[in-house]
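Engineer: Can you keep this structure in mind? I'll have questions shortly.
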Amino acid sequence: MFWRMTGAPLASPVDTILDKENCTLEELLDEDEIIQECKAMNSRLINFLCGRTQVEQLLRYIIETAPDEADKKRTFKHPYVSCEIFTCDVDIILQSLVEDEKLLNLLFSFLKPDHPHSTFLAGCFSKVVLCLMARRTAQLMSYVQGHPEIFRQLVDLIGITSMMEVLIRLIGADENMYSSHTDALQWVDATEVLDLIVDKFSSSDSAEVHANAAEVLCAITRYSPPGLAAKVCSPSFVGRLFQNALEDSRPKSVLIQSLSVCICLLDPKRLLQSSYQSFRSQLSHGTVVIADPETVYLMLERLGYLLKLLDVTTSDDNLPSTFGCLKPPLGKHRLKIVEFISILFTLGSKDAEKELIRLGALRHALDLFFEYPFNNFLHHKVESIIVSCLESKKASLVEHVLHECDIVGKILQVEKQPALQIDCNKPTVLAQGRSPPRIGNIGHLTRIANKLVQEANNYGIIQKHLQENSEWVDWHAKVLVKRNSVENVCNWACGRPSSLHDRVRDSDDEDLRDRDDYDVATLASNLSQAFRYNIYDNDVIEEAQGSLEHDKEDVHFDDESAEVVISALRLGDDHDSSLFTNSNWFAFEGNRAVNDLSPVSLASPSQNPDGTGKIVGGESEDPADRSASSSDFQDTGAAGLSNGSLMKDDLANSNPPIESAKPPEWIEWRESTVTITNALKVEIELKDNTTDEIETQNQELESSPGSKKLATIMSPVSDRNVIPLASQS
């Protein structure tokens with residue numbers, strides 16, 4: 001696509017095709033600019049596409065599989081472009097589709113069982129339906145209500161992720177649904193869509209089908225209207241889930257996904273999500289649906305069967321690994337059971353706590369914790385269980401962790417022998433001929449130990465238990481305290497930003513600060529204004545510039561310069577600093593004060609129209625300031641800035657300073673008619689001159705027309721620090 005020049009308009013390729021007498025839809029679909037022309041509301045193109053014949057042909061490209069002998073355009077490009085035309089939000093095209101029931105019948109004929117369902121066409125179909133759901137909600141839902149078989153067909157295709165997304169949107173289980181359309185979705189509560197979904201756990205063996213079915217049920221519990229969500233939370237529905245999950249003949253994916261739905265029902269974080277609360281606040285009917293005690297009791301009744309599945313001695317599976325082999329591997333189903341146990345501990349229900357203690361759920365989880373020392377997913381879940389028990393301040397849970405589970409004794413036992421034990425009777429088996437590696441759960445055990453020490457300061461039972469254990473007291477003083485000191489990242493001398501010592505940044509804060517989508521053009525304009533009007537209130541800037549008589553061309557700050565400044569700003573990490581209020585931008589290492597360097601003294605590259613650039617200098621009126629600037633410049637060995645980079649010279653090769661040389665002056669890039677070539681020639685001639693000779697040549701240059709005065713910065717660093725600075729005479 002080429003730029004259109006002003007005054008020489010070019011005809012659109014789409015208009016050229018439309019000018020033909022026998023214009024066809026295929027020719028338009030082959031044109032690359034058709035989507036852009038649709039978005040630009042090309043009236044001729046839209047009037048052509050909104051015709052019933054064209055809309056029908058577009059739908060056929062989307063729902064019908066191309067013949068085997070068809071080319072790639074017919075197989076891929078035409079369906080894709082047809083889909084994009086519908087999703088361009090052209091109102092008249094969507095209106096032509098939803099107002100014709102035959103066209104809607106043609107669209108949804110893609111869901112029929114005897115129709116081929118490729119993943120590519122399924123994605124195109126879902127995009128069109130989701131667009132209609134967003135733009136024509138009432139009309140589309142009215143059509144679906146009159147054709148209830150659509151839900152059954154979508155559930156049959158739930159293994160395709162695109163079909164799952166359509167199903168979620170049609171039943172109102174999407175957070176993007178608006179409250180104005182909730183009335184159009186109330187009739188969904190009376191459908192049998194939930195029964196159809198839960199039947200997939202018993203009728204299908206596909207792991208994809210089970211995962212997508214569970215995803216739909218979890219979405220219903222979060223965003224669906226209360227009538228539908230209440231059915232998922234009912235004891236009868238949860239009972240059907242466990243009935244399918246605990247059958248020996250069913251694949252493990254049924255158990256995993258069924259527990260995922262139960263975890264979603266019980267997870268208290270679900271009720272704190274902003275999107276959940278915002279959606280619930282829009283509803284004018286019903287209340288927030290949570291699992292009732294009867295449903296929780298039903299889950300606790302099945303907990304005993306789940307704990308039996310944690311037994312690893314009944315499995316003969318073998319999984320090779322880098323350190324040896326796992327006999328058997330932990331598996332997703334055991335990990336999901338531990339996660340389910342961790343959610344039950346956070347409910348705060350006395351009945352749930354009693355049942356968990358009676359069945360020894362935490363003991364089973366701790367056994368897996370030490371039997372699989374390299375599974376960090378498992379370690380994280382077990383640690384969360386122990387932390388929730390300690391933070392609950394409930395005597396029954398705390399004593400269960402300290403006495404029955406003996407967490408302190410197990411920590412001390414592992415610390416005595418932190419290497420992997422050679423035991424063929426355990427699931428984790430070391431490879432022959434290899435030295436035992438250090439186990440991978442020491443970090444989690446350290447955090448658990450620190451949590452015990454923290455809670456001991458607030459809870460007497462824990463403090464008494466730890467003080468009575470002399471081995472713990474000795475290990476805490478000799479090992480744990482030193483380990484915490486070594487592993488404290490705030491004390492690492494590795495160049496971490498000092499501002500991180502005083503605060504903790506979460507992931508959202510890091511994402512916000514690490515964004516790279518700065519508007520460089522806007523920043524360049526603002527920075528240019530800042531330099532021009534001297535908003536930083538810095539004395540050095542005022543003395544250097546002298547006045548505000550510089551025109552717009554004198555202070556040119558382009559996009560490249562802005563990017564250099566932004567990159568330098570990202571090096572800092574101070575909340576108090578601001579892009580337009582803090583003048584301490586380029587604080588170099590050294591003994592000089594921050595205020596000795598002004599932002600204007602930093603070069604911003606700007607080129608002349610002929611591709612040349614020139615460094616120009618201004619002169620400070622205060623000799624004291626000039627002396628301070630000269631010493632600062634000598635300390636850093638800064639010779640000048642070229643293309644935004646600072647050049648430093650070897651201090652070992654320094655030359656004695658010239659007493660009569662002028663002190664260094666502030667530097668900035670400005671446009672000038674004198675080319676850089678002439679300046680370089682003068683630089684060569686000035687290298688060996690004395691101060692008197694320099695002044696003589698300056699006088700000669702002043703008398704020549706079109707020339708500029710030359711000044712010389714003499715630095716004691718080396719000969720390379722002699723740089724010509726052109727300033728306005």
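Ligands are numbered from 1 in the order shown, residues from 1 within each chain, and chains are lettered A, B, ... in the order they appear in the structure tokens.
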Identify, on the basis of only C-alpha atoms, every residue whose closest approach to Ala449 of chain A does not exceed 9 Å; exclude the query and any residue fewer than 3 positions from it along the same chain; express the result as number ranges by chain.
Structural biologist: A: 408, 411, 444-446, 452-454, 476, 480
Engineer: Please provide the set of residues having any atom within 8 Å of Leu298 of chain A, restricted to only C-alpha atoms, with same-chain residues fewer than 5 positions apart removed, written as a CSV table (one decimal) with N, CA, C and O atoms, in the first residue's frame.
Structural biologist:
chain,number,residue,atom,x,y,z
A,235,PRO,N,-26.2,-29.2,45.4
A,235,PRO,CA,-25.7,-30.4,45.8
A,235,PRO,C,-25.9,-31.5,44.8
A,235,PRO,O,-25.0,-32.4,44.5
A,238,VAL,N,-23.3,-31.0,41.9
A,238,VAL,CA,-21.9,-31.4,42.4
A,238,VAL,C,-21.8,-32.9,42.6
A,238,VAL,O,-20.8,-33.5,42.3
A,239,GLY,N,-22.9,-33.5,43.0
A,239,GLY,CA,-22.9,-35.0,43.2
A,239,GLY,C,-22.7,-35.7,41.9
A,239,GLY,O,-22.0,-36.7,41.8
Engineer: With only C-alpha atoms as the basis for distance, which of A:Lys478, A:Arg222, A:Val429, A:Ala213 is at the shortest distance from Leu319 of chain A?
Structural biologist: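 Going through A:Lys478, A:Arg222, A:Val429, A:Ala213 one by one, the smallest distance to Leu319 of chain A is for A:Val429.
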Engineer: I'd like the contact shell of Leu326 of chain A - 6 Å cut-off, only C-alpha atoms, skipping same-chain residues fewer than 3 positions apart - returned as a ChimeraX atom specification.
Structural biologist: /A:318-319,329,427-428
